[in-house]
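Colleague: Structure: structure.json, JSON, C-alpha atoms.
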[["chain", "number", "residue", "atom", "x", "y", "z"],
["A", 1, "MET", "CA", 83.50, -65.05, -98.83],
["A", 2, "ARG", "CA", 82.95, -64.75, -95.12],
["A", 3, "THR", "CA", 84.91, -64.33, -91.91],
["A", 4, "ILE", "CA", 84.04, -66.27, -88.78],
["A", 5, "LEU", "CA", 85.20, -64.77, -85.48],
["A", 6, "GLU", "CA", 84.76, -66.38, -82.08],
["A", 7, "PHE", "CA", 85.75, -64.60, -78.89],
["A", 8, "THR", "CA", 85.10, -64.39, -75.18],
["A", 9, "ALA", "CA", 84.70, -60.95, -73.61],
["A", 10, "TYR", "CA", 85.17, -59.97, -69.98],
["A", 11, "GLY", "CA", 83.66, -56.92, -68.32],
["A", 12, "GLU", "CA", 80.41, -55.25, -67.26],
["A", 13, "HIS", "CA", 77.31, -54.87, -69.48],
["A", 14, "LEU", "CA", 79.15, -56.62, -72.30],
["A", 15, "ASP", "CA", 76.51, -56.47, -75.05],
["A", 16, "ASP", "CA", 76.19, -52.71, -74.77],
["A", 17, "ALA", "CA", 79.94, -52.17, -74.33],
["A", 18, "ILE", "CA", 80.85, -54.23, -77.40],
["A", 19, "LEU", "CA", 78.20, -52.64, -79.62],
["A", 20, "LYS", "CA", 79.32, -49.18, -78.50],
["A", 21, "SER", "CA", 82.96, -49.96, -79.26],
["A", 22, "VAL", "CA", 82.07, -51.42, -82.66],
["A", 23, "ALA", "CA", 79.94, -48.36, -83.45],
["A", 24, "GLU", "CA", 82.90, -46.10, -82.67],
["A", 25, "TYR", "CA", 84.76, -47.85, -85.47],
["A", 26, "GLY", "CA", 82.01, -46.93, -87.90],
["A", 27, "TRP", "CA", 80.00, -50.15, -87.83],
["A", 28, "ASN", "CA", 76.27, -49.52, -88.17],
["A", 29, "ARG", "CA", 73.43, -51.37, -86.50],
["A", 30, "PRO", "CA", 70.52, -51.12, -88.96],
["A", 31, "ASP", "CA", 67.03, -50.94, -87.51],
["A", 32, "LEU", "CA", 65.28, -53.69, -89.47],
["A", 33, "GLY", "CA", 62.29, -53.86, -87.15],
["A", 34, "ILE", "CA", 62.30, -57.67, -87.04],
["A", 35, "ASN", "CA", 63.43, -60.12, -84.38],
["A", 36, "ARG", "CA", 65.58, -63.24, -84.33],
["A", 37, "GLU", "CA", 62.65, -65.59, -84.92],
["A", 38, "GLU", "CA", 61.71, -63.76, -88.12],
["A", 39, "LEU", "CA", 65.29, -63.81, -89.40],
["A", 40, "VAL", "CA", 65.50, -67.55, -88.75],
["A", 41, "GLU", "CA", 62.12, -68.06, -90.44],
["A", 42, "LEU", "CA", 63.39, -66.34, -93.58],
["A", 43, "ALA", "CA", 66.60, -68.37, -93.62],
["A", 44, "GLN", "CA", 64.72, -71.64, -93.17],
["A", 45, "ALA", "CA", 62.31, -70.69, -95.96],
["A", 46, "VAL", "CA", 65.27, -70.19, -98.30],
["A", 47, "ILE", "CA", 66.82, -73.53, -97.27],
["A", 48, "VAL", "CA", 63.55, -75.40, -97.76],
["A", 49, "ALA", "CA", 62.90, -73.77, -101.15],
["A", 50, "SER", "CA", 66.40, -74.55, -102.45],
["A", 51, "ASP", "CA", 66.15, -78.16, -101.23],
["A", 52, "LYS", "CA", 62.75, -78.56, -102.84],
["A", 53, "ALA", "CA", 64.10, -77.19, -106.11],
["A", 54, "ARG", "CA", 67.18, -79.44, -105.77],
["A", 55, "ARG", "CA", 69.44, -76.43, -106.09],
["A", 56, "ASP", "CA", 72.49, -75.34, -104.13],
["A", 57, "LEU", "CA", 72.06, -72.77, -101.41],
["A", 58, "PRO", "CA", 72.31, -69.16, -102.57],
["A", 59, "ILE", "CA", 75.73, -67.53, -102.90],
["A", 60, "SER", "CA", 74.40, -64.04, -103.59],
["A", 61, "PRO", "CA", 71.85, -61.82, -101.79],
["A", 62, "GLU", "CA", 70.14, -61.28, -105.15],
["A", 63, "SER", "CA", 69.17, -64.96, -105.26],
["A", 64, "GLN", "CA", 65.56, -65.50, -106.24],
["A", 65, "PHE", "CA", 65.11, -67.82, -103.24],
["A", 66, "ILE", "CA", 66.03, -64.95, -100.89],
["A", 67, "GLN", "CA", 63.90, -62.43, -102.80],
["A", 68, "ASP", "CA", 60.88, -64.74, -102.72],
["A", 69, "ALA", "CA", 61.26, -65.44, -99.00],
["A", 70, "ILE", "CA", 61.36, -61.72, -98.17],
["A", 71, "ASN", "CA", 58.49, -60.88, -100.54],
["A", 72, "ASN", "CA", 56.32, -63.71, -99.22],
["A", 73, "LYS", "CA", 56.75, -62.52, -95.65],
["A", 74, "PHE", "CA", 56.68, -58.75, -96.03],
["A", 75, "GLY", "CA", 54.94, -58.28, -99.36],
["A", 76, "LYS", "CA", 56.38, -57.33, -102.72],
["A", 77, "PRO", "CA", 57.96, -53.87, -102.83],
["A", 78, "GLY", "CA", 55.41, -51.27, -103.84],
["A", 79, "VAL", "CA", 52.46, -53.56, -103.08],
["A", 80, "ALA", "CA", 50.45, -52.93, -99.94],
["A", 81, "SER", "CA", 50.16, -56.53, -98.82],
["A", 82, "GLN", "CA", 50.04, -57.91, -95.33],
["A", 83, "ALA", "CA", 52.98, -59.99, -94.04],
["A", 84, "ALA", "CA", 52.58, -63.62, -93.14],
["A", 85, "GLY", "CA", 51.20, -63.75, -89.63],
["A", 86, "GLY", "CA", 49.49, -60.40, -90.15],
["A", 87, "SER", "CA", 51.64, -58.37, -87.76],
["A", 88, "THR", "CA", 54.42, -56.45, -89.47],
["A", 89, "GLY", "CA", 53.64, -56.41, -93.14],
["A", 90, "GLY", "CA", 52.19, -52.92, -93.54],
["A", 91, "ALA", "CA", 55.11, -51.19, -91.86],
["A", 92, "ASN", "CA", 57.84, -53.32, -93.38],
["A", 93, "THR", "CA", 56.56, -53.42, -96.97],
["A", 94, "SER", "CA", 57.90, -49.90, -97.59],
["A", 95, "ARG", "CA", 60.90, -50.40, -95.30],
["A", 96, "PHE", "CA", 62.07, -53.35, -97.39],
["A", 97, "GLY", "CA", 61.41, -51.77, -100.75],
["A", 98, "MET", "CA", 63.81, -52.55, -103.56],
["A", 99, "PHE", "CA", 67.24, -50.88, -103.28],
["A", 100, "THR", "CA", 66.60, -49.60, -99.75],
["A", 101, "TYR", "CA", 69.37, -49.86, -97.17],
["A", 102, "GLU", "CA", 67.18, -51.97, -94.90],
["A", 103, "ARG", "CA", 66.35, -54.49, -97.63],
["A", 104, "ASN", "CA", 70.00, -54.78, -98.59],
["A", 105, "CYS", "CA", 70.95, -55.48, -94.96],
["A", 106, "LEU", "CA", 68.12, -58.01, -94.63],
["A", 107, "GLU", "CA", 69.16, -59.83, -97.82],
["A", 108, "GLN", "CA", 72.74, -60.01, -96.56],
["A", 109, "ALA", "CA", 71.65, -61.24, -93.13],
["A", 110, "VAL", "CA", 69.50, -64.01, -94.62],
["A", 111, "LEU", "CA", 72.37, -65.06, -96.87],
["A", 112, "ILE", "CA", 74.74, -65.23, -93.89],
["A", 113, "LEU", "CA", 72.29, -67.42, -91.97],
["A", 114, "THR", "CA", 71.77, -69.82, -94.87],
["A", 115, "GLN", "CA", 75.53, -70.22, -95.37],
["A", 116, "ILE", "CA", 76.10, -71.48, -91.83],
["A", 117, "ALA", "CA", 77.23, -75.10, -91.98],
["A", 118, "ARG", "CA", 74.38, -77.56, -91.59],
["A", 119, "ASP", "CA", 75.76, -79.06, -88.38],
["A", 120, "GLU", "CA", 76.09, -75.58, -86.79],
["A", 121, "ARG", "CA", 72.71, -74.14, -87.74],
["A", 122, "THR", "CA", 70.60, -75.45, -84.86],
["A", 123, "GLU", "CA", 72.87, -73.92, -82.23],
["A", 124, "ALA", "CA", 73.48, -70.71, -84.18],
["A", 125, "TYR", "CA", 69.76, -70.11, -84.84],
["A", 126, "GLN", "CA", 69.05, -70.18, -81.09],
["A", 127, "ARG", "CA", 71.49, -67.37, -80.28],
["A", 128, "ASN", "CA", 70.68, -63.69, -80.00],
["A", 129, "MET", "CA", 71.49, -61.90, -83.27],
["A", 130, "THR", "CA", 72.56, -58.35, -84.05],
["A", 131, "VAL", "CA", 72.80, -57.37, -87.71],
["A", 132, "ILE", "CA", 75.70, -55.00, -88.48],
["A", 133, "SER", "CA", 77.14, -53.34, -91.56],
["A", 134, "GLY", "CA", 80.70, -52.18, -92.08],
["A", 135, "PRO", "CA", 81.70, -48.52, -92.38],
["A", 136, "GLU", "CA", 83.32, -48.17, -95.82],
["A", 137, "PHE", "CA", 84.07, -51.78, -96.67],
["A", 138, "SER", "CA", 80.74, -52.96, -98.20],
["A", 139, "VAL", "CA", 80.76, -55.70, -95.56],
["A", 140, "TYR", "CA", 77.74, -57.02, -93.69],
["A", 141, "GLY", "CA", 77.54, -59.31, -90.72],
["A", 142, "ILE", "CA", 75.70, -60.77, -87.76],
["A", 143, "MET", "CA", 77.01, -60.83, -84.21],
["A", 144, "PHE", "CA", 75.73, -63.84, -82.27],
["A", 145, "SER", "CA", 75.63, -63.88, -78.47],
["A", 146, "ASP", "CA", 74.92, -67.03, -76.53],
["A", 147, "PRO", "CA", 73.06, -66.48, -73.23],
["A", 148, "ALA", "CA", 73.83, -70.09, -72.26],
["A", 149, "LYS", "CA", 77.55, -69.30, -72.31],
["A", 150, "GLN", "CA", 77.40, -66.20, -70.13],
["A", 151, "ALA", "CA", 78.78, -66.52, -66.64],
["A", 152, "GLY", "CA", 79.36, -63.59, -64.30],
["A", 153, "ASN", "CA", 81.36, -60.95, -66.11],
["A", 154, "SER", "CA", 82.19, -63.07, -69.18],
["A", 155, "ALA", "CA", 80.29, -64.03, -72.32],
["A", 156, "THR", "CA", 81.01, -65.93, -75.52],
["A", 157, "TYR", "CA", 80.29, -64.40, -78.94],
["A", 158, "GLN", "CA", 80.55, -65.30, -82.61],
["A", 159, "THR", "CA", 80.54, -62.83, -85.49],
["A", 160, "ARG", "CA", 80.11, -63.70, -89.17],
["A", 161, "LEU", "CA", 81.08, -61.10, -91.77],
["A", 162, "ARG", "CA", 80.67, -61.43, -95.53],
["A", 163, "CYS", "CA", 81.88, -59.59, -98.61],
["A", 164, "ASN", "CA", 82.59, -60.55, -102.21],
["A", 165, "ASP", "CA", 86.01, -58.86, -102.13],
["A", 166, "LEU", "CA", 88.76, -60.57, -100.12],
["A", 167, "ALA", "CA", 90.80, -57.40, -99.49],
["A", 168, "ARG", "CA", 87.77, -55.51, -98.15],
["A", 169, "LEU", "CA", 86.77, -58.48, -96.01],
["A", 170, "GLN", "CA", 90.24, -58.68, -94.45],
["A", 171, "THR", "CA", 90.26, -54.93, -93.85],
["A", 172, "ALA", "CA", 86.84, -55.06, -92.21],
["A", 173, "THR", "CA", 87.88, -58.03, -90.08],
["A", 174, "THR", "CA", 90.90, -56.07, -88.83],
["A", 175, "SER", "CA", 88.65, -53.10, -88.03],
["A", 176, "PHE", "CA", 86.22, -55.29, -86.08],
["A", 177, "LEU", "CA", 89.06, -56.92, -84.13],
["A", 178, "SER", "CA", 90.47, -53.52, -83.25],
["A", 179, "ALA", "CA", 87.07, -52.63, -81.79],
["A", 180, "LEU", "CA", 87.31, -55.77, -79.64],
["A", 181, "ASN", "CA", 90.59, -54.44, -78.22],
["A", 182, "PRO", "CA", 89.27, -51.08, -77.02],
["A", 183, "GLY", "CA", 91.19, -48.35, -75.33],
["A", 184, "SER", "CA", 89.90, -46.42, -72.35],
["A", 185, "SER", "CA", 86.31, -45.25, -72.42],
["A", 186, "GLY", "CA", 85.27, -41.62, -72.50],
["A", 187, "GLY", "CA", 85.96, -38.96, -75.05],
["A", 188, "SER", "CA", 85.95, -39.26, -78.82],
["A", 189, "ILE", "CA", 88.03, -41.82, -80.67],
["A", 190, "ARG", "CA", 90.20, -41.20, -83.75],
["A", 191, "ARG", "CA", 90.58, -44.36, -85.82],
["A", 192, "TYR", "CA", 92.56, -45.43, -88.86],
["A", 193, "THR", "CA", 92.19, -48.74, -90.69],
["A", 194, "SER", "CA", 94.07, -50.38, -93.53],
["A", 195, "ARG", "CA", 94.34, -53.93, -94.76],
["A", 196, "ALA", "CA", 97.42, -54.39, -92.57],
["A", 197, "ALA", "CA", 96.23, -53.01, -89.25],
["A", 198, "SER", "CA", 93.67, -50.87, -87.47],
["A", 199, "VAL", "CA", 94.36, -48.47, -84.61],
["A", 200, "GLY", "CA", 92.57, -45.99, -82.38],
["A", 201, "ARG", "CA", 93.63, -43.05, -80.27],
["A", 202, "ARG", "CA", 91.85, -41.88, -77.13],
["A", 203, "GLN", "CA", 92.60, -40.09, -73.88],
["A", 204, "GLY", "CA", 91.70, -40.95, -70.29],
["A", 205, "GLY", "CA", 89.10, -43.21, -68.72],
["A", 206, "VAL", "CA", 89.27, -46.95, -68.11],
["A", 207, "GLN", "CA", 89.17, -49.93, -70.47],
["A", 208, "PRO", "CA", 85.47, -50.99, -70.79],
["A", 209, "PHE", "CA", 86.15, -54.67, -71.51],
["A", 210, "ILE", "CA", 88.81, -57.09, -72.70],
["A", 211, "SER", "CA", 88.43, -59.94, -75.18],
["A", 212, "ASP", "CA", 90.08, -63.26, -75.93],
["A", 213, "ILE", "CA", 89.97, -64.07, -79.67],
["A", 214, "ARG", "CA", 89.66, -67.83, -80.11],
["A", 215, "ARG", "CA", 88.95, -68.32, -83.81],
["A", 216, "ILE", "CA", 89.52, -66.30, -86.97],
["A", 217, "GLU", "CA", 89.00, -67.86, -90.37],
["A", 218, "ILE", "CA", 87.83, -66.94, -93.85],
["A", 219, "ARG", "CA", 85.71, -69.41, -95.76],
["A", 220, "SER", "CA", 84.49, -69.52, -99.34],
["A", 221, "VAL", "CA", 80.83, -69.62, -100.37],
["A", 222, "SER", "CA", 81.19, -73.40, -100.58],
["A", 223, "ASN", "CA", 82.35, -73.48, -96.93],
["A", 224, "GLU", "CA", 85.95, -74.22, -97.86],
["A", 225, "GLN", "CA", 88.46, -72.79, -95.41],
["A", 226, "LEU", "CA", 90.72, -70.31, -97.20],
["A", 227, "PHE", "CA", 92.61, -68.48, -94.44],
["A", 228, "ARG", "CA", 93.28, -68.80, -90.74],
["A", 229, "GLY", "CA", 94.07, -65.66, -88.80],
["A", 230, "LYS", "CA", 95.89, -64.81, -85.60],
["A", 231, "ALA", "CA", 94.90, -61.59, -83.84],
["A", 232, "ILE", "CA", 97.81, -59.46, -82.65],
["A", 233, "PRO", "CA", 96.80, -56.58, -80.35],
["A", 234, "ILE", "CA", 98.40, -53.17, -80.80],
["A", 235, "THR", "CA", 99.05, -51.28, -77.60],
["A", 236, "ASN", "CA", 101.59, -48.72, -78.85],
["A", 237, "ARG", "CA", 103.99, -48.03, -81.72],
["A", 238, "PHE", "CA", 106.48, -50.59, -80.44],
["A", 239, "SER", "CA", 103.91, -53.33, -81.14],
["A", 240, "LEU", "CA", 104.88, -53.05, -84.81],
["A", 241, "ILE", "CA", 108.56, -53.70, -84.10],
["A", 242, "ARG", "CA", 107.74, -56.66, -81.86],
["A", 243, "HIS", "CA", 105.47, -58.11, -84.52],
["A", 244, "THR", "CA", 107.88, -57.71, -87.42],
["A", 245, "LEU", "CA", 110.64, -59.42, -85.41],
["A", 246, "SER", "CA", 108.47, -62.27, -84.13],
["A", 247, "ASP", "CA", 106.21, -63.31, -87.01],
["A", 248, "HIS", "CA", 106.59, -66.66, -88.76],
["A", 249, "SER", "CA", 109.06, -65.60, -91.44],
["A", 250, "ALA", "CA", 111.17, -63.62, -88.94],
["A", 251, "ARG", "CA", 111.37, -66.58, -86.58],
["A", 252, "LEU", "CA", 112.34, -68.88, -89.44],
["A", 253, "LEU", "CA", 115.06, -66.57, -90.75],
["A", 254, "GLY", "CA", 116.30, -65.80, -87.24],
["A", 255, "GLY", "CA", 116.57, -69.49, -86.39],
["A", 256, "LEU", "CA", 118.32, -70.23, -89.67],
["A", 257, "SER", "CA", 120.81, -67.41, -89.03],
["A", 258, "LEU", "CA", 121.64, -68.72, -85.55],
["A", 259, "LEU", "CA", 121.98, -72.27, -86.85],
["A", 260, "LEU", "CA", 124.40, -71.27, -89.61],
["A", 261, "ILE", "CA", 126.41, -69.09, -87.24],
["A", 262, "GLY", "CA", 126.69, -72.06, -84.85],
["A", 263, "VAL", "CA", 127.78, -74.41, -87.64],
["A", 264, "SER", "CA", 130.36, -71.86, -88.80],
["A", 265, "ALA", "CA", 131.73, -71.52, -85.28],
["A", 266, "ILE", "CA", 132.01, -75.28, -84.83],
["A", 267, "ILE", "CA", 133.85, -75.74, -88.13],
["A", 268, "TYR", "CA", 136.16, -72.85, -87.28],
["A", 269, "ALA", "CA", 136.92, -74.31, -83.84],
["A", 270, "VAL", "CA", 137.54, -77.97, -84.66],
["A", 271, "ALA", "CA", 138.48, -78.14, -88.36],
["A", 272, "PRO", "CA", 141.87, -77.49, -89.94],
["A", 273, "ASP", "CA", 142.39, -73.97, -91.20],
["A", 274, "SER", "CA", 143.01, -75.11, -94.76],
["A", 275, "GLY", "CA", 141.54, -76.86, -97.81],
["A", 276, "TRP", "CA", 137.90, -77.85, -97.93],
["A", 277, "TRP", "CA", 137.38, -77.14, -94.24],
["A", 278, "LEU", "CA", 138.35, -73.51, -94.68],
["A", 279, "TRP", "CA", 136.12, -73.22, -97.75],
["A", 280, "SER", "CA", 133.19, -74.83, -95.87],
["A", 281, "GLU", "CA", 133.57, -72.47, -92.93],
["A", 282, "GLN", "CA", 133.65, -69.45, -95.19],
["A", 283, "LEU", "CA", 130.64, -70.70, -97.18],
["A", 284, "VAL", "CA", 128.56, -71.27, -94.05],
["A", 285, "GLY", "CA", 129.57, -67.84, -92.79],
["A", 286, "ARG", "CA", 128.39, -66.21, -96.00],
["A", 287, "LEU", "CA", 125.11, -68.13, -95.81],
["A", 288, "ALA", "CA", 124.64, -66.96, -92.22],
["A", 289, "THR", "CA", 125.25, -63.37, -93.32],
["A", 290, "GLY", "CA", 122.74, -63.78, -96.16],
["A", 291, "ALA", "CA", 120.09, -65.25, -93.86],
["A", 292, "PHE", "CA", 120.54, -62.42, -91.34],
["A", 293, "GLY", "CA", 120.37, -59.86, -94.16],
["A", 294, "ALA", "CA", 117.14, -61.46, -95.39],
["A", 295, "LEU", "CA", 115.77, -61.19, -91.84],
["A", 296, "LEU", "CA", 116.50, -57.46, -91.78],
["A", 297, "VAL", "CA", 114.96, -56.90, -95.23],
["A", 298, "ASP", "CA", 111.87, -58.96, -94.43],
["A", 299, "SER", "CA", 111.34, -57.14, -91.13],
["A", 300, "ALA", "CA", 111.85, -53.77, -92.79],
["A", 301, "LEU", "CA", 109.27, -54.57, -95.48],
["A", 302, "ASP", "CA", 106.77, -55.78, -92.88],
["A", 303, "TYR", "CA", 107.35, -52.72, -90.74],
["A", 304, "SER", "CA", 106.94, -50.41, -93.72],
["A", 305, "ALA", "CA", 103.65, -52.09, -94.67],
["A", 306, "LEU", "CA", 102.27, -51.70, -91.14],
["A", 307, "ARG", "CA", 103.75, -48.31, -90.34],
["A", 308, "ARG", "CA", 101.17, -46.38, -92.35],
["A", 309, "SER", "CA", 98.41, -47.60, -90.05],
["A", 310, "ILE", "CA", 100.25, -46.33, -87.02],
["A", 311, "THR", "CA", 101.49, -43.01, -88.38],
["A", 312, "GLY", "CA", 98.17, -42.02, -89.99],
["A", 313, "GLY", "CA", 96.67, -39.31, -87.81],
["A", 314, "THR", "CA", 98.03, -37.62, -84.71],
["A", 315, "GLY", "CA", 98.26, -38.53, -81.05],
["A", 316, "ALA", "CA", 99.49, -41.56, -79.19],
["A", 317, "VAL", "CA", 98.20, -44.96, -80.28],
["A", 318, "THR", "CA", 96.17, -46.44, -77.42],
["A", 319, "HIS", "CA", 94.85, -49.63, -78.97],
["A", 320, "GLY", "CA", 94.32, -51.55, -82.20],
["A", 321, "ALA", "CA", 94.83, -54.91, -83.86],
["A", 322, "MET", "CA", 96.70, -56.67, -86.63],
["A", 323, "VAL", "CA", 95.87, -60.04, -88.19],
["A", 324, "ASP", "CA", 98.49, -62.53, -89.28],
["A", 325, "TRP", "CA", 96.77, -64.39, -92.13],
["A", 326, "THR", "CA", 97.86, -67.91, -93.12],
["A", 327, "ARG", "CA", 96.53, -69.45, -96.32],
["A", 328, "VAL", "CA", 95.15, -72.93, -95.73]]
Since I need it in another form, could you write the structure as structure tokens?
Modeller:
Amino acid sequence: MRTILEFTAYGEHLDDAILKSVAEYGWNRPDLGINREELVELAQAVIVASDKARRDLPISPESQFIQDAINNKFGKPGVASQAAGGSTGGANTSRFGMFTYERNCLEQAVLILTQIARDERTEAYQRNMTVISGPEFSVYGIMFSDPAKQAGNSATYQTRLRCNDLARLQTATTSFLSALNPGSSGGSIRRYTSRAASVGRRQGGVQPFISDIRRIEIRSVSNEQLFRGKAIPITNRFSLIRHTLSDHSARLLGGLSLLLIGVSAIIYAVAPDSGWWLWSEQLVGRLATGAFGALLVDSALDYSALRRSITGGTGAVTHGAMVDWTRV
């Protein structure tokens, strides 16, 4: 499964500022020693090989198509062969040996590139690419920046994250989004991340950049949309209360409560105080009470689930993010 994030950032020196903020949340930037053209070459080799073999595109980094593409370019692990083109093979043969961190990241990056939808590949392959790996989530990704969509102090980005485990992927997505909602710069950051939310705590300085999240979705290996997400920034502890009282279920229960209270008031005001009218008014009143009680219980459960992310650690919460996931 994979997450697709699209966002626009505003600020100075955005590439460096975003990568610094992401790194503070424990995301690594592996030094693979290869450039965008070489990554695209590997992905295209896998696509061509799978088409020629009349097979589906790989769904796992262990796919033989991916292994062959890497071995053909950089030489088989343990064999001192020269890479195609004769420029980087000697150095990268050992770097991309079996079971090395760099080879694992490269396999994941190639898989991410091959799983981009056919009608999006041409544009995506022309963007600048930064390979990243998650802190403790076993999640890998590529952050794409588009020089053609940079104007002044704003730039458009897309990030694709992948993981076989849905819970870890959602947790990593929340962590990455929290990094896109940074607090003030300067000083060390204390972070805490769960599946429900991710927060950071920091003192002083100024906010390095701000971001506008435009698209969050999780897709299957067959490119089927599974979830849509809505990013909810955390600015302090009261963000939890606002969220639990304004999410979809809370709005639905709140509206239902108000509707039933209104119906009860109308019946009480205009109907005779006897017989079926009295019974109807009392029934609607009890339903209104039940709906309002359900609102309180639902909000309390939501708050309890999110509270752990806020109360973990010490110090005032300065920034963070939650994601409201909707199954498609």
Colleague: So, with all atoms listed in the file as the atoms that count, which of A:Thr326, A:Gln158, A:Ser50, A:Asn71 lies closest to A:Ser249?
Modeller: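 Residue with the minimum atom-to-atom distance to A:Ser249: A:Thr326.
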Colleague: Between atom CA of A:Pro135 and atom CA of A:Leu32, what is the distance, to one decimal in Å?
Modeller: 17.5 Å
Colleague: Pick the closest to A:Pro58 from A:Thr156, A:Thr171, A:Ser220, A:Thr114: which is it, counting all atoms listed in the file?
Modeller: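 Closest to A:Pro58 of all the choices is A:Thr114.
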Colleague: Using only C-alpha atoms for the distances, tell me which of A:Arg118, A:Arg286, A:Lys76, A:Lys52 is nearest to A:Asn223.
Modeller: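 Among A:Arg118, A:Arg286, A:Lys76, A:Lys52, it is A:Arg118 that comes nearest to A:Asn223.
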Colleague: Expressed in Å to a single decimal, how great is the separation between atom CA of A:Val46 and atom CA of A:Tyr125?
Modeller: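 Answer for the atom CA of A:Val46 to atom CA of A:Tyr125 separation: 14.2 Å.
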Colleague: Taking 6 positions as the minimum chain separation for residues in the same chain, which residues sit within 7 Å of stretch 293-296 of chain A when counting all atoms listed in the file? Answer as a list in words.
Modeller: Ala250, Leu253 and Gly254 of chain A
Colleague: Find, counting only C-alpha atoms, the residue in A:Ala179, A:Leu111, A:Val284, A:Leu169 that gets nearest to A:Gln44.
Modeller: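 Closest candidate: A:Leu111.
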Colleague: Grab the atom CA of A:Ala23 to atom CA of A:Arg215 distance for me, in Å with one decimal place.
Modeller: 21.9 Å
Colleague: Quick one: of A:Phe65, A:Phe227, A:Trp27, A:Trp279, who's nearest to A:Met1, counting all atoms listed in the file?
Modeller: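 Between A:Phe65, A:Phe227, A:Trp27, A:Trp279, the residue approaching A:Met1 most closely is A:Phe227.
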Colleague: Which residue out of A:Ala231, A:Val221, A:Ala291, A:Ala148 has the minimum interatomic distance to A:Ala117 when all atoms listed in the file are used?
Modeller: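 Using all atoms listed in the file, the shortest distance to A:Ala117 belongs to A:Val221.
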Colleague: Please provide the set of residues having any atom within 6 Å of A:Gly229, restricted to only C-alpha atoms, with same-chain residues fewer than 5 positions apart removed, written as a VMD selection string.
Modeller: chain A and resid 216 to 217 323 to 325
Colleague: List the residues sitting within 9 Å of (71.1, -50.4, -82.9) in the file's frame, using all atoms listed in the file, as a PDB file with C-alpha atoms, in the coordinates of the input.
Modeller:
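Just written: point_1.pdb:
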ATOM      1  CA  LEU A  19      78.200 -52.640 -79.620  1.00  0.00           C
ATOM      2  CA  ASN A  28      76.270 -49.520 -88.170  1.00  0.00           C
ATOM      3  CA  ARG A  29      73.430 -51.370 -86.500  1.00  0.00           C
ATOM      4  CA  PRO A  30      70.520 -51.120 -88.960  1.00  0.00           C
ATOM      5  CA  ASP A  31      67.030 -50.940 -87.510  1.00  0.00           C
ATOM      6  CA  THR A 130      72.560 -58.350 -84.050  1.00  0.00           C
ATOM      7  CA  VAL A 131      72.800 -57.370 -87.710  1.00  0.00           C
ATOM      8  CA  ILE A 132      75.700 -55.000 -88.480  1.00  0.00           C
TER       9      ILE A 132
END
Colleague: Taking (126.2, -64.4, -86.2) in the coordinates of the supplied file, I want to know which residues reach to within 10 Å of it, counting all atoms listed in the file; could you give the answer as a PyMOL selection string?
Modeller: chain A and resi 257-262+264-265+285+288-289+291-292
